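Colleague: Dropping in data-v3.tsv, which is TSV, C-alpha atoms and all ligand atoms:
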chain	number	residue	atom	x	y	z
A	1	MET	CA	0.00	0.00	0.00
A	2	LYS	CA	1.53	3.29	-1.19
A	3	CYS	CA	0.40	6.90	-0.90
A	4	ASN	CA	-1.49	8.10	-4.00
A	5	VAL	CA	0.08	11.55	-3.61
A	6	CYS	CA	3.76	11.05	-2.69
A	7	HIS	CA	4.14	7.27	-3.30
A	8	GLU	CA	5.71	6.58	0.12
A	9	SER	CA	4.75	3.26	1.74
A	10	PHE	CA	2.23	3.12	4.57
A	11	ASP	CA	2.46	1.43	7.94
A	12	GLU	CA	-0.61	0.40	9.90
A	13	PRO	CA	-3.97	2.07	9.17
A	14	VAL	CA	-5.27	4.68	11.63
A	15	TYR	CA	-8.79	3.28	11.28
A	16	ARG	CA	-10.40	-0.03	10.49
A	17	SER	CA	-14.19	-0.22	10.51
A	18	GLY	CA	-15.87	-2.70	12.84
A	19	SER	CA	-18.48	-3.63	10.25
A	20	HIS	CA	-17.86	-5.69	7.15
A	21	THR	CA	-20.55	-3.69	5.36
A	22	SER	CA	-19.58	-0.25	4.16
A	23	LEU	CA	-21.45	2.66	2.59
A	24	THR	CA	-20.70	4.50	-0.62
A	25	SER	CA	-21.08	8.26	-0.98
A	26	LEU	CA	-24.37	7.51	-2.79
A	27	CYS	CA	-25.65	5.66	0.29
A	28	GLU	CA	-25.43	2.17	-1.14
A	29	LEU	CA	-24.24	-0.78	0.87
A	30	ARG	CA	-21.15	-2.64	-0.26
A	31	SER	CA	-19.48	-5.58	1.37
A	32	GLY	CA	-15.99	-5.00	2.69
A	33	GLN	CA	-14.29	-3.24	5.54
A	34	VAL	CA	-13.04	0.36	5.32
A	35	SER	CA	-9.44	1.05	6.34
A	36	VAL	CA	-7.79	4.46	6.37
A	37	TRP	CA	-4.05	5.13	6.27
A	38	SER	CA	-2.30	8.38	7.12
A	39	CYS	CA	0.83	9.39	5.19
A	40	ARG	CA	3.51	10.76	7.52
A	41	HIS	CA	5.42	12.18	4.54
A	42	CYS	CA	2.87	14.38	2.72
A	43	GLY	CA	-0.12	14.47	5.07
A	44	HIS	CA	-2.49	12.55	2.78
A	45	LEU	CA	-5.14	10.17	4.10
A	46	GLN	CA	-6.17	7.25	1.98
A	47	SER	CA	-8.40	4.19	1.83
A	48	GLN	CA	-8.00	1.09	-0.31
A	49	THR	CA	-9.00	1.43	-3.99
A	50	LEU	CA	-12.24	-0.30	-4.97
A	51	ASP	CA	-11.30	-3.58	-6.61
A	52	ASP	CA	-13.83	-2.85	-9.38
A	53	GLU	CA	-13.11	0.89	-9.73
A	54	ALA	CA	-13.44	1.14	-13.53
A	55	SER	CA	-16.73	-0.75	-13.84
A	56	TYR	CA	-18.14	0.94	-10.74
A	57	TYR	CA	-17.87	4.43	-12.29
A	58	LYS	CA	-18.82	3.18	-15.74
A	59	ASN	CA	-22.04	1.46	-14.66
A	60	ASP	CA	-22.93	1.80	-11.02
A	61	TYR	CA	-22.14	5.31	-9.84
A	62	LYS	CA	-25.45	6.97	-10.72
A	63	ILE	CA	-25.49	10.35	-9.10
A	64	SER	CA	-28.86	12.07	-9.27
A	65	LEU	CA	-29.82	10.48	-12.57
A	66	THR	CA	-33.42	9.89	-11.63
A	67	GLU	CA	-34.66	13.46	-11.65
A	68	GLU	CA	-33.57	16.18	-14.01
A	69	ASP	CA	-33.25	18.93	-11.41
A	70	GLU	CA	-32.46	16.90	-8.32
A	71	ASP	CA	-29.95	18.62	-6.09
A	72	GLN	CA	-28.65	18.48	-2.54
A	73	ILE	CA	-29.35	21.17	0.01
A	74	TYR	CA	-26.18	23.04	0.99
A	75	GLU	CA	-27.82	24.97	3.79
A	76	VAL	CA	-31.18	26.32	4.90
A	77	VAL	CA	-31.25	29.99	5.87
A	78	ASP	CA	-34.49	31.50	7.21
A	79	GLY	CA	-36.42	28.59	5.76
A	80	GLN	CA	-34.93	29.06	2.29
A	81	SER	CA	-32.98	26.15	0.83
A	82	LEU	CA	-29.70	26.94	-0.92
A	83	PHE	CA	-28.81	24.06	-3.24
A	84	ARG	CA	-25.30	22.74	-3.52
A	85	THR	CA	-24.76	23.44	-7.22
A	86	ASP	CA	-25.95	27.05	-6.81
A	87	HIS	CA	-23.42	27.51	-4.03
A	88	GLN	CA	-20.68	25.86	-6.11
A	89	LEU	CA	-21.39	28.20	-9.00
A	90	ALA	CA	-21.35	31.25	-6.73
A	91	VAL	CA	-17.95	30.23	-5.30
A	92	LEU	CA	-16.56	29.50	-8.78
A	93	LEU	CA	-17.60	32.93	-10.07
A	94	ARG	CA	-16.15	34.59	-6.98
A	95	LYS	CA	-12.80	32.80	-7.24
A	96	LEU	CA	-12.17	32.85	-10.99
A	97	SER	CA	-12.24	35.63	-13.49
A	98	ILE	CA	-13.18	33.69	-16.61
A	99	LYS	CA	-12.26	35.58	-19.75
A	100	SER	CA	-14.79	36.15	-22.52
A	101	GLY	CA	-15.12	33.10	-24.78
A	102	ALA	CA	-13.01	30.97	-22.44
A	103	ARG	CA	-12.66	27.26	-23.18
A	104	VAL	CA	-13.68	25.41	-20.03
A	105	LEU	CA	-13.51	21.65	-19.48
A	106	ASP	CA	-15.50	20.04	-16.67
A	107	PHE	CA	-13.38	16.96	-15.88
A	108	GLY	CA	-15.09	13.95	-14.29
A	109	CYS	CA	-18.24	15.99	-14.51
A	110	ALA	CA	-21.08	13.43	-14.07
A	111	LYS	CA	-24.18	15.51	-14.83
A	112	ALA	CA	-22.10	18.73	-15.02
A	113	SER	CA	-24.75	20.44	-12.92
A	114	THR	CA	-22.53	23.32	-11.84
A	115	THR	CA	-21.01	24.12	-15.22
A	116	ARG	CA	-24.46	23.79	-16.80
A	117	LYS	CA	-25.53	26.61	-14.51
A	118	LEU	CA	-22.36	28.51	-15.48
A	119	LEU	CA	-23.58	28.43	-19.11
A	120	ALA	CA	-26.86	29.98	-18.03
A	121	VAL	CA	-25.05	33.09	-16.75
A	122	ARG	CA	-22.05	33.01	-19.14
A	123	GLU	CA	-23.29	32.12	-22.62
A	124	ASP	CA	-19.88	33.04	-24.06
A	125	VAL	CA	-18.11	30.14	-22.33
A	126	GLN	CA	-17.18	27.20	-24.58
A	127	LEU	CA	-17.99	24.32	-22.25
A	128	HIS	CA	-16.52	20.84	-22.78
A	129	LEU	CA	-17.34	17.73	-20.73
A	130	PHE	CA	-15.44	14.57	-19.83
A	131	ASP	CA	-16.22	11.53	-17.70
A	132	VAL	CA	-15.46	7.82	-17.49
A	133	SER	CA	-19.04	6.71	-18.16
A	134	ASP	CA	-21.46	6.96	-21.07
A	135	MET	CA	-24.52	7.12	-18.87
A	136	TYR	CA	-24.55	10.93	-18.63
A	137	LYS	CA	-24.40	11.51	-22.42
A	138	PRO	CA	-28.17	11.81	-22.97
A	139	TYR	CA	-28.23	14.41	-20.23
A	140	TRP	CA	-25.24	16.36	-21.62
A	141	SER	CA	-26.75	16.51	-25.12
A	142	SER	CA	-29.38	18.98	-23.93
A	143	PHE	CA	-26.81	21.74	-23.35
A	144	VAL	CA	-23.44	20.85	-24.96
A	145	ALA	CA	-22.69	19.83	-28.57
A	146	SER	CA	-21.54	16.23	-28.94
A	147	ASP	CA	-18.11	17.20	-30.30
A	148	ALA	CA	-17.44	19.04	-27.03
A	149	CYS	CA	-18.09	15.87	-25.01
A	150	ALA	CA	-15.77	12.92	-24.46
A	151	THR	CA	-15.90	9.73	-22.43
A	152	PHE	CA	-13.09	7.35	-21.40
A	153	ALA	CA	-10.43	8.77	-23.78
A	154	ILE	CA	-9.39	12.40	-24.20
A	155	PRO	CA	-9.40	13.53	-27.87
A	156	PRO	CA	-5.81	14.48	-28.90
A	157	SER	CA	-7.12	17.82	-30.23
A	158	TRP	CA	-7.98	18.82	-26.66
A	159	ASN	CA	-4.33	19.02	-25.55
A	160	ALA	CA	-3.26	22.48	-24.35
A	161	ARG	CA	-6.68	23.73	-25.42
A	162	PHE	CA	-8.31	24.90	-22.20
A	163	ASP	CA	-8.24	28.12	-20.22
A	164	VAL	CA	-9.91	26.45	-17.26
A	165	VAL	CA	-10.34	22.83	-16.16
A	166	THR	CA	-12.87	22.31	-13.39
A	167	SER	CA	-13.29	19.27	-11.16
A	168	PHE	CA	-16.16	19.12	-8.67
A	169	PHE	CA	-15.92	16.24	-6.21
A	170	ALA	CA	-14.05	13.88	-8.54
A	171	LEU	CA	-10.42	13.56	-7.36
A	172	GLU	CA	-11.41	11.82	-4.13
A	173	HIS	CA	-12.61	8.84	-6.19
A	174	ILE	CA	-9.48	8.38	-8.29
A	175	GLY	CA	-6.73	5.95	-7.28
A	176	GLU	CA	-4.35	6.94	-10.08
A	177	LEU	CA	-4.01	10.55	-9.02
A	178	SER	CA	-0.65	11.16	-10.69
A	179	ASP	CA	-1.95	10.06	-14.10
A	180	THR	CA	-5.06	12.20	-13.71
A	181	LEU	CA	-3.11	15.30	-12.71
A	182	ALA	CA	-0.74	14.76	-15.66
A	183	THR	CA	-3.76	14.58	-17.98
A	184	ILE	CA	-5.27	17.77	-16.59
A	185	TRP	CA	-1.92	19.55	-16.86
A	186	GLN	CA	-1.71	18.51	-20.51
A	187	LEU	CA	-5.24	19.72	-21.25
A	188	LEU	CA	-4.57	23.24	-19.98
A	189	GLU	CA	-2.67	25.88	-21.86
A	190	VAL	CA	0.26	27.44	-20.01
A	191	GLY	CA	-1.25	29.96	-17.60
A	192	GLY	CA	-4.57	28.10	-17.58
A	193	VAL	CA	-6.24	27.43	-14.26
A	194	PHE	CA	-7.18	24.14	-12.63
A	195	TYR	CA	-10.16	24.78	-10.34
A	196	GLY	CA	-11.39	22.05	-8.06
A	197	VAL	CA	-13.49	21.09	-5.09
A	198	VAL	CA	-12.74	17.99	-2.99
A	199	PRO	CA	-14.07	16.87	0.39
A	200	ASP	CA	-12.20	18.15	3.43
A	201	THR	CA	-12.01	15.10	5.63
A	202	PHE	CA	-11.43	17.23	8.73
A	203	GLY	CA	-14.41	19.44	7.85
A	204	ASN	CA	-16.81	16.67	6.86
A	205	VAL	CA	-16.01	13.57	8.85
A	206	ALA	CA	-18.25	11.35	6.67
A	207	ASP	CA	-15.58	11.55	3.99
A	208	PHE	CA	-13.33	9.43	6.21
A	209	VAL	CA	-15.50	6.28	6.08
A	210	VAL	CA	-17.07	6.48	2.61
A	211	VAL	CA	-15.77	3.43	0.80
A	212	ASP	CA	-15.57	5.04	-2.67
A	213	HIS	CA	-13.53	8.00	-1.45
A	214	VAL	CA	-10.08	6.51	-1.77
A	215	ASN	CA	-8.43	9.89	-1.21
A	216	HIS	CA	-9.03	12.03	1.84
A	217	PHE	CA	-7.33	15.29	1.04
A	218	THR	CA	-5.77	17.62	3.54
A	219	VAL	CA	-4.41	21.09	2.78
A	220	PRO	CA	-0.76	19.86	2.79
A	221	SER	CA	-1.46	16.75	0.67
A	222	LEU	CA	-3.43	18.74	-1.90
A	223	HIS	CA	-0.65	21.33	-2.02
A	224	PHE	CA	1.96	18.58	-2.46
A	225	LEU	CA	-0.07	17.01	-5.29
A	226	LEU	CA	-0.63	20.25	-7.21
A	227	SER	CA	2.89	21.64	-6.74
A	228	GLY	CA	4.39	18.36	-7.95
A	229	SER	CA	2.10	18.19	-11.00
A	230	GLY	CA	3.13	21.39	-12.79
A	231	PHE	CA	1.01	23.98	-10.99
A	232	THR	CA	1.86	27.21	-9.20
A	233	ASP	CA	-0.04	30.04	-7.49
A	234	ILE	CA	-1.81	27.34	-5.49
A	235	GLU	CA	-4.61	28.59	-3.28
A	236	ILE	CA	-6.57	26.19	-1.09
A	237	ASP	CA	-9.63	27.53	0.72
A	238	ALA	CA	-11.20	25.47	3.51
A	239	GLN	CA	-13.88	28.07	4.27
A	240	ALA	CA	-15.67	28.80	0.97
A	241	HIS	CA	-17.58	25.50	0.85
A	242	ARG	CA	-18.41	23.84	4.15
A	243	GLY	CA	-16.80	20.42	4.42
A	244	ALA	CA	-14.72	20.90	1.28
A	245	LEU	CA	-11.44	22.30	0.03
A	246	VAL	CA	-11.74	24.67	-2.92
A	247	PHE	CA	-8.51	25.15	-4.86
A	248	THR	CA	-7.14	27.11	-7.77
A	249	ALA	CA	-3.77	26.38	-9.37
A	250	THR	CA	-2.10	27.75	-12.49
A	251	LYS	CA	-0.31	25.59	-15.04
A	252	VAL	CA	3.38	26.32	-15.52
A	253	ARG	CA	5.45	25.14	-18.48
A	254	GLU	CA	7.61	22.70	-16.52
A	255	VAL	CA	6.69	20.24	-13.82
A	256	LEU	CA	8.82	20.98	-10.75
A	257	SER	CA	9.45	19.03	-7.55
A	258	PRO	CA	6.55	19.03	-5.07
A	259	SER	CA	6.80	21.31	-2.08
A	260	LEU	CA	6.08	20.18	1.45
A	261	THR	CA	4.03	22.51	3.61
A	262	ASP	CA	3.32	22.38	7.32
A	263	ARG	CA	1.61	19.08	8.12
A	264	ASP	CA	2.63	18.68	11.77
A	265	ASP	CA	-0.75	17.90	13.25
A	266	VAL	CA	-2.33	15.99	10.35
A	267	HIS	CA	-1.42	12.53	11.57
A	268	GLU	CA	-2.68	13.21	15.09
A	269	ARG	CA	-5.94	14.57	13.68
A	270	ALA	CA	-6.29	11.46	11.50
A	271	VAL	CA	-5.82	9.22	14.53
A	272	ALA	CA	-8.42	11.28	16.39
A	273	LEU	CA	-10.86	10.96	13.50
A	274	GLY	CA	-10.43	7.19	13.50
A	275	GLN	CA	-11.21	7.17	17.21
A	276	TYR	CA	-14.17	9.47	16.59
A	277	TRP	CA	-15.76	6.97	14.20
A	278	GLN	CA	-15.12	4.11	16.57
A	279	GLY	CA	-16.89	6.25	19.21
A	280	ILE	CA	-19.89	6.73	16.91
A	281	ASP	CA	-20.14	2.99	16.40
A	282	ARG	CA	-20.16	2.53	20.18
A	283	CYS	CA	-22.74	5.31	20.58
A	284	ILE	CA	-25.13	3.72	18.09
A	285	ALA	CA	-24.71	0.32	19.76
A	286	GLN	CA	-25.48	1.82	23.20
A	287	ALA	CA	-28.58	3.64	21.94
A	288	VAL	CA	-29.87	0.49	20.30
A	289	ALA	CA	-29.44	-1.38	23.59
A	290	GLN	CA	-31.24	1.39	25.52
A	291	HIS	CA	-33.99	2.56	23.14
A	292	GLY	CA	-34.05	0.03	20.32
A	293	ALA	CA	-37.23	-1.76	21.43
A	294	GLY	CA	-39.70	0.94	20.30
A	295	GLU	CA	-40.30	2.46	16.91
A	296	VAL	CA	-37.28	4.31	15.55
A	297	ALA	CA	-36.90	7.07	12.98
A	298	ILE	CA	-33.78	8.69	11.52
A	299	TYR	CA	-33.59	12.42	10.77
A	300	GLY	CA	-31.62	12.84	7.54
A	301	ALA	CA	-31.65	10.57	4.52
A	302	GLY	CA	-28.13	11.45	3.45
A	303	PHE	CA	-24.91	9.71	4.35
A	304	TYR	CA	-25.14	9.96	8.13
A	305	GLY	CA	-28.72	8.68	8.13
A	306	ALA	CA	-27.74	5.79	5.93
A	307	TYR	CA	-24.73	5.05	8.14
A	308	ILE	CA	-26.99	4.77	11.18
A	309	ALA	CA	-29.52	2.67	9.28
A	310	SER	CA	-26.87	0.24	8.11
A	311	ALA	CA	-25.76	-0.17	11.72
A	312	ILE	CA	-29.20	-0.55	13.36
A	313	ARG	CA	-31.47	-2.03	10.76
A	314	SER	CA	-31.10	-5.63	11.82
A	315	ASP	CA	-31.77	-4.75	15.50
A	316	CYS	CA	-34.42	-2.00	15.39
A	317	ASN	CA	-37.88	-1.31	14.02
A	318	LEU	CA	-36.88	1.50	11.66
A	319	VAL	CA	-40.18	3.11	10.64
A	320	CYS	CA	-39.04	5.99	8.48
A	321	PHE	CA	-36.47	8.64	7.64
A	322	LEU	CA	-37.23	12.36	7.93
A	323	ASP	CA	-35.68	14.80	5.48
A	324	ALA	CA	-36.31	18.47	4.75
A	325	ASN	CA	-35.24	18.07	1.11
A	326	PRO	CA	-38.40	17.82	-1.02
A	327	PHE	CA	-36.47	15.79	-3.61
A	328	GLN	CA	-35.89	13.08	-0.99
A	329	GLN	CA	-39.44	12.99	0.36
A	330	GLY	CA	-41.57	10.19	-1.09
A	331	LYS	CA	-38.55	8.00	-1.84
A	332	THR	CA	-37.34	5.08	0.24
A	333	LEU	CA	-33.93	4.28	1.70
A	334	PHE	CA	-33.22	0.68	2.73
A	335	GLU	CA	-36.97	0.08	2.21
A	336	ALA	CA	-38.03	2.72	4.77
A	337	PRO	CA	-40.04	5.73	3.51
A	338	ILE	CA	-38.51	9.21	3.56
A	339	LEU	CA	-41.03	11.67	5.02
A	340	ALA	CA	-41.18	15.41	5.60
A	341	PRO	CA	-40.13	16.14	9.22
A	342	GLN	CA	-43.67	17.29	10.09
A	343	SER	CA	-44.99	13.85	9.07
A	344	LEU	CA	-43.18	11.98	11.85
A	345	PRO	CA	-45.63	9.30	13.09
A	346	GLU	CA	-46.86	9.68	16.68
A	347	SER	CA	-45.82	6.11	17.43
A	348	VAL	CA	-42.09	6.81	17.02
A	349	SER	CA	-40.28	7.04	20.37
A	350	THR	CA	-36.63	7.34	19.33
A	351	LEU	CA	-35.10	9.67	16.77
A	352	PHE	CA	-31.51	9.18	15.62
A	353	VAL	CA	-30.08	12.39	14.17
A	354	GLY	CA	-28.33	11.43	10.94
A	355	LEU	CA	-26.83	14.83	10.13
A	356	ASN	CA	-23.30	16.17	10.06
A	357	PRO	CA	-22.57	16.40	13.80
A	358	ALA	CA	-21.15	19.90	13.27
A	359	ILE	CA	-24.63	21.23	12.47
A	360	ALA	CA	-26.92	18.51	13.89
A	361	ARG	CA	-27.94	20.16	17.16
A	362	GLN	CA	-28.52	23.52	15.52
A	363	VAL	CA	-30.84	21.96	12.91
A	364	ILE	CA	-32.87	19.92	15.41
A	365	GLU	CA	-33.12	22.73	17.97
A	366	SER	CA	-34.50	25.04	15.28
A	367	MET	CA	-37.63	22.83	15.32
A	368	PRO	CA	-39.15	23.31	18.80
A	369	TRP	CA	-42.29	21.40	17.78
A	370	LEU	CA	-40.05	18.35	17.27
A	371	THR	CA	-37.96	18.62	20.44
A	372	ALA	CA	-41.15	19.20	22.50
A	373	ARG	CA	-42.55	15.79	21.60
A	374	GLY	CA	-40.72	13.89	24.32
A	375	LEU	CA	-38.71	11.76	21.92
A	376	SER	CA	-35.40	10.22	22.84
A	377	ILE	CA	-33.13	12.16	20.48
A	378	ILE	CA	-29.82	10.45	19.76
A	379	TYR	CA	-26.93	12.52	18.41
A	380	LEU	CA	-23.97	10.71	16.88
A	381	ASP	CA	-21.49	12.46	19.16
A	382	ASN	CA	-23.60	11.93	22.28
A	383	CYS	CA	-21.25	9.46	23.84
A	384	SER	CA	-18.09	9.71	21.77
A	385	HIS	CA	-16.28	11.24	24.75
A	386	ASP	CA	-17.54	8.70	27.31
B	1	ZN	ZN	1.98	10.81	0.96
Written as structure tokens, how would this file's structure read?
Modeller:
Amino acid sequence: MKCNVCHESFDEPVYRSGSHTSLTSLCELRSGQVSVWSCRHCGHLQSQTLDDEASYYKNDYKISLTEEDEDQIYEVVDGQSLFRTDHQLAVLLRKLSIKSGARVLDFGCAKASTTRKLLAVREDVQLHLFDVSDMYKPYWSSFVASDACATFAIPPSWNARFDVVTSFFALEHIGELSDTLATIWQLLEVGGVFYGVVPDTFGNVADFVVVDHVNHFTVPSLHFLLSGSGFTDIEIDAQAHRGALVFTATKVREVLSPSLTDRDDVHERAVALGQYWQGIDRCIAQAVAQHGAGEVAIYGAGFYGAYIASAIRSDCNLVCFLDANPFQQGKTLFEAPILAPQSLPESVSTLFVGLNPAIARQVIESMPWLTARGLSIIYLDNCSHD
């Protein structure tokens, strides 16, 4: 096992999941344990590559394909939902000055939801799309000409062609990072900008245990990767997008040696995160022992909700999920219906909060009608410090 960023060998993992069932970032169950290693050299965290990586992204990784305008809620402010792609576009426009008529490639784009919205406000942009699956092509054809789309292989005419290459939540899935960065470098013209968003494992702890995220980037490991792949003027922002690192980097003519930045506390934080997840597993097990006899609901039908469900579903009577996202309501997850929060059945006595622990209490406490019902409310970090 070697680091995807600096290629140094790993020792023992900092985390090994207790369960032999793991979750993907799309909330599907897969067999197999999750292990996470921490690189003492460059500060990268890494899990094992999926043994069927190519076919998984070609056939199985179906992000939001069921509904044309499906999106995830980034945050709710004063009752108004801000969707993730709208936020991503706003950050992109704030960070980049895209010249008139710019050639932009969305690399590993899936539905290209963000760059599609870019076209709506910047008709002059010449958008190109690339991914390692054909399943998005029918969707792409509604807004990009077919000769500006490619799958699996990059057309030779695209080399040194682009002013901007974007990558939204793609690099964390890719085992062969060096090859991918070399490809992106080749696609850009000198002075062109690589703009990307990847999960910040220390800002969104779910990233740590998602089985299809083989890379868990940290600021130093991302800096090492970009500086060693022919990029300069590297800026990495951990604030612009909650739970993510947003970066810009400019292509230089020659690929230089990578530069190491301060990574002193990364390993200790990785160890702590491993312990944190082990604490969550213990917390869920305790709550099941204490409250698992009655009817149970889970608030949140995203990753955290699915993580809880995968842990409790054989021991508890899981009646439903609650989710504020109207796109989720009416669907099912692990055969349980997803309801609007106000539709919580009276018979439910225990509510697991399946939200990012950083915001979980704030979200639940903003609904006094829910907290006044006398439910046992279980937060994932309830007993992690026991
Ligand atoms: Zn490394």
Colleague: Return as a VMD selection string the residues of protein, DNA or RNA that approach ligand ZN 1 (chain B) to within 7 Å, with all atoms listed in the file taken into account.
Modeller: chain A and resid 3 to 8 39 to 44 221
Colleague: From the set A:Thr151, A:Gln328, A:Gln342, A:Ser376, which residue has the shortest atom-to-atom contact distance to Val288 of chain A, counting all atoms listed in the file?
Modeller: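 Selected residue with least distance to Val288 of chain A: A:Ser376.
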Colleague: Given all atoms listed in the file, how would the per-residue table for segment 174-221 of chain A near segment 102-119 of chain A read, listing every residue at most 10 Å away with its closest atom pair and distance in Å to one decimal, sorted by chain and number, as a tab-separated table?
Modeller:
residue	atom	partner	partner_atom	distance
A:Ile174	CA	A:Gly108	CA	9.9
A:Thr180	CA	A:Phe107	CA	9.8
A:Ile184	CA	A:Phe107	CA	8.2
A:Leu187	CA	A:Leu105	CA	8.7
A:Leu188	CA	A:Leu105	CA	9.1
A:Gly192	CA	A:Val104	CA	9.8
A:Val193	CA	A:Val104	CA	9.6
A:Phe194	CA	A:Leu105	CA	9.7
A:Tyr195	CA	A:Asp106	CA	9.5
A:Gly196	CA	A:Phe107	CA	9.5
Colleague: Taking all atoms listed in the file into account, name the residue in A:Ile364, A:Arg84, A:Tyr307, A:Arg122 that is nearest to Ala244 of chain A.
Modeller: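 Once distances to Ala244 of chain A are computed over all atoms listed in the file, the minimum belongs to A:Arg84.
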Colleague: Between atom CA of Ser141 of chain A and atom CA of Lys62 of chain A, measure the distance and give it in Å to one decimal.
Modeller: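 If I compute the distance from atom CA of Ser141 of chain A to atom CA of Lys62 of chain A, I get 17.3 Å.
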Colleague: Would you pick out the contacts of Ala272 of chain A at 12 Å or less, using all atoms listed in the file, so that residues sharing its chain but fewer than 5 positions from it are not included, and give the list as a PyMOL selection string?
Modeller: chain A and resi 14-15+38+201-202+205+208+265-267+277-279+384-385
Colleague: Find the residues near Leu245 of chain A: any atom within 7 Å, counting all atoms listed in the file, skip ones fewer than 6 places away on the same chain, and give them as a list of chain:residue names.
Modeller: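 Using all atoms listed in the file, the neighbours found are A:Val197, A:Val198, A:Pro199, A:Asp200, A:Ile236, A:Asp237, A:Ala238.
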Colleague: In Å, with one decimal, what is the gap from atom CA of Asp124 of chain A to atom CA of Thr250 of chain A?
Modeller: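 If I compute the distance from atom CA of Asp124 of chain A to atom CA of Thr250 of chain A, I get 21.9 Å.
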Colleague: So how far away is atom CA of Ala306 of chain A from atom CA of Pro357 of chain A, in Å?
Modeller: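 Going from atom CA of Pro357 of chain A over to atom CA of Ala306 of chain A covers 14.2 Å.
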Colleague: Give me the residues within 9 Å of Ala182 of chain A as a list in words, counting all atoms listed in the file and dropping any in the same chain fewer than 4 places off.
Modeller: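 Contacts, in chain order: Leu177, Ser178, Gln186, Leu187, Ser229 and Gly230 of chain A.
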Colleague: Determine the nearest neighbour of Glu172 of chain A from the options A:Ala153, A:Ala249, A:Ala289, A:Leu45, counting all atoms listed in the file.
Modeller: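 For Glu172 of chain A, the nearest of the candidates is A:Leu45.
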Colleague: Tell me which of A:Thr371, A:Gln362, A:Ser100, A:Ser157 sits closest to Val77 of chain A, counting all atoms listed in the file.
Modeller: A:Gln362
Colleague: Please return the centre and edge lengths, in Å to one decimal, of a box with edges along x, y and z that contains all listed atoms of segment 101-119 of chain A, widened by 5 Å on every side, as JSON.
Modeller:
{"center_x": -19.1, "center_y": 23.3, "center_z": -18.3, "size_x": 22.9, "size_y": 29.7, "size_z": 22.9}
Colleague: For Pro337 of chain A, list every protein, DNA or RNA residue within 9 Å, evaluated using only C-alpha atoms, and leave out those in the same chain fewer than 2 positions away; present the list as a PDB file with C-alpha atoms, keeping the file's coordinate frame.
Modeller:
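That gives us selection15.pdb:
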ATOM      1  CA  VAL A 319     -40.180   3.110  10.640  1.00  0.00           C
ATOM      2  CA  CYS A 320     -39.040   5.990   8.480  1.00  0.00           C
ATOM      3  CA  PHE A 321     -36.470   8.640   7.640  1.00  0.00           C
ATOM      4  CA  LEU A 322     -37.230  12.360   7.930  1.00  0.00           C
ATOM      5  CA  GLN A 329     -39.440  12.990   0.360  1.00  0.00           C
ATOM      6  CA  GLY A 330     -41.570  10.190  -1.090  1.00  0.00           C
ATOM      7  CA  LYS A 331     -38.550   8.000  -1.840  1.00  0.00           C
ATOM      8  CA  THR A 332     -37.340   5.080   0.240  1.00  0.00           C
ATOM      9  CA  LEU A 333     -33.930   4.280   1.700  1.00  0.00           C
ATOM     10  CA  PHE A 334     -33.220   0.680   2.730  1.00  0.00           C
ATOM     11  CA  GLU A 335     -36.970   0.080   2.210  1.00  0.00           C
ATOM     12  CA  LEU A 339     -41.030  11.670   5.020  1.00  0.00           C
TER      13      LEU A 339
END
Colleague: Considering all atoms listed in the file, can you say which of A:Tyr304, A:Phe10, A:Phe143, A:Tyr299 comes closest to Gln48 of chain A?
Modeller: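 When distances to Gln48 of chain A are compared using all atoms listed in the file, the smallest one comes from A:Phe10.
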Colleague: So which residues touch Leu256 of chain A within 10 Å, counting only C-alpha atoms, skipping near sequence neighbours fewer than 4 positions away, as a PyMOL selection string?
Modeller: chain A and resi 227-232+252
Colleague: Can you work out which one of A:Cys283, A:Gly191, A:Ala240, A:Leu89 has the shortest atom-to-atom distance to Ala120 of chain A, counting all atoms listed in the file?
Modeller: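 Nearest candidate to Ala120 of chain A out of A:Cys283, A:Gly191, A:Ala240, A:Leu89: A:Leu89.
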Colleague: Could segment 341-346 of chain A be completed with N, CA, C and O atoms and written as an mmCIF file, in the coordinates of the input, please?
Modeller:
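Generated output (out-v4.cif):
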data_model
loop_
_atom_site.group_PDB
_atom_site.id
_atom_site.type_symbol
_atom_site.label_atom_id
_atom_site.label_comp_id
_atom_site.auth_asym_id
_atom_site.auth_seq_id
_atom_site.Cartn_x
_atom_site.Cartn_y
_atom_site.Cartn_z
ATOM 1 N N PRO A 341 -40.259 16.198 7.751
ATOM 2 C CA PRO A 341 -40.130 16.140 9.220
ATOM 3 C C PRO A 341 -41.474 16.255 9.942
ATOM 4 O O PRO A 341 -41.708 15.559 10.934
ATOM 5 N N GLN A 342 -42.371 17.090 9.433
ATOM 6 C CA GLN A 342 -43.670 17.290 10.090
ATOM 7 C C GLN A 342 -44.529 16.028 10.050
ATOM 8 O O GLN A 342 -45.512 15.936 10.786
ATOM 9 N N SER A 343 -44.185 15.062 9.211
ATOM 10 C CA SER A 343 -44.990 13.850 9.070
ATOM 11 C C SER A 343 -44.531 12.718 9.980
ATOM 12 O O SER A 343 -44.951 11.575 9.807
ATOM 13 N N LEU A 344 -43.669 13.024 10.944
ATOM 14 C CA LEU A 344 -43.180 11.980 11.850
ATOM 15 C C LEU A 344 -44.361 11.300 12.556
ATOM 16 O O LEU A 344 -45.141 11.967 13.237
ATOM 17 N N PRO A 345 -44.502 9.987 12.434
ATOM 18 C CA PRO A 345 -45.630 9.300 13.090
ATOM 19 C C PRO A 345 -45.575 9.439 14.606
ATOM 20 O O PRO A 345 -44.488 9.413 15.194
ATOM 21 N N GLU A 346 -46.754 9.549 15.228
ATOM 22 C CA GLU A 346 -46.860 9.680 16.680
ATOM 23 C C GLU A 346 -46.241 8.500 17.412
ATOM 24 O O GLU A 346 -45.787 8.620 18.546
#
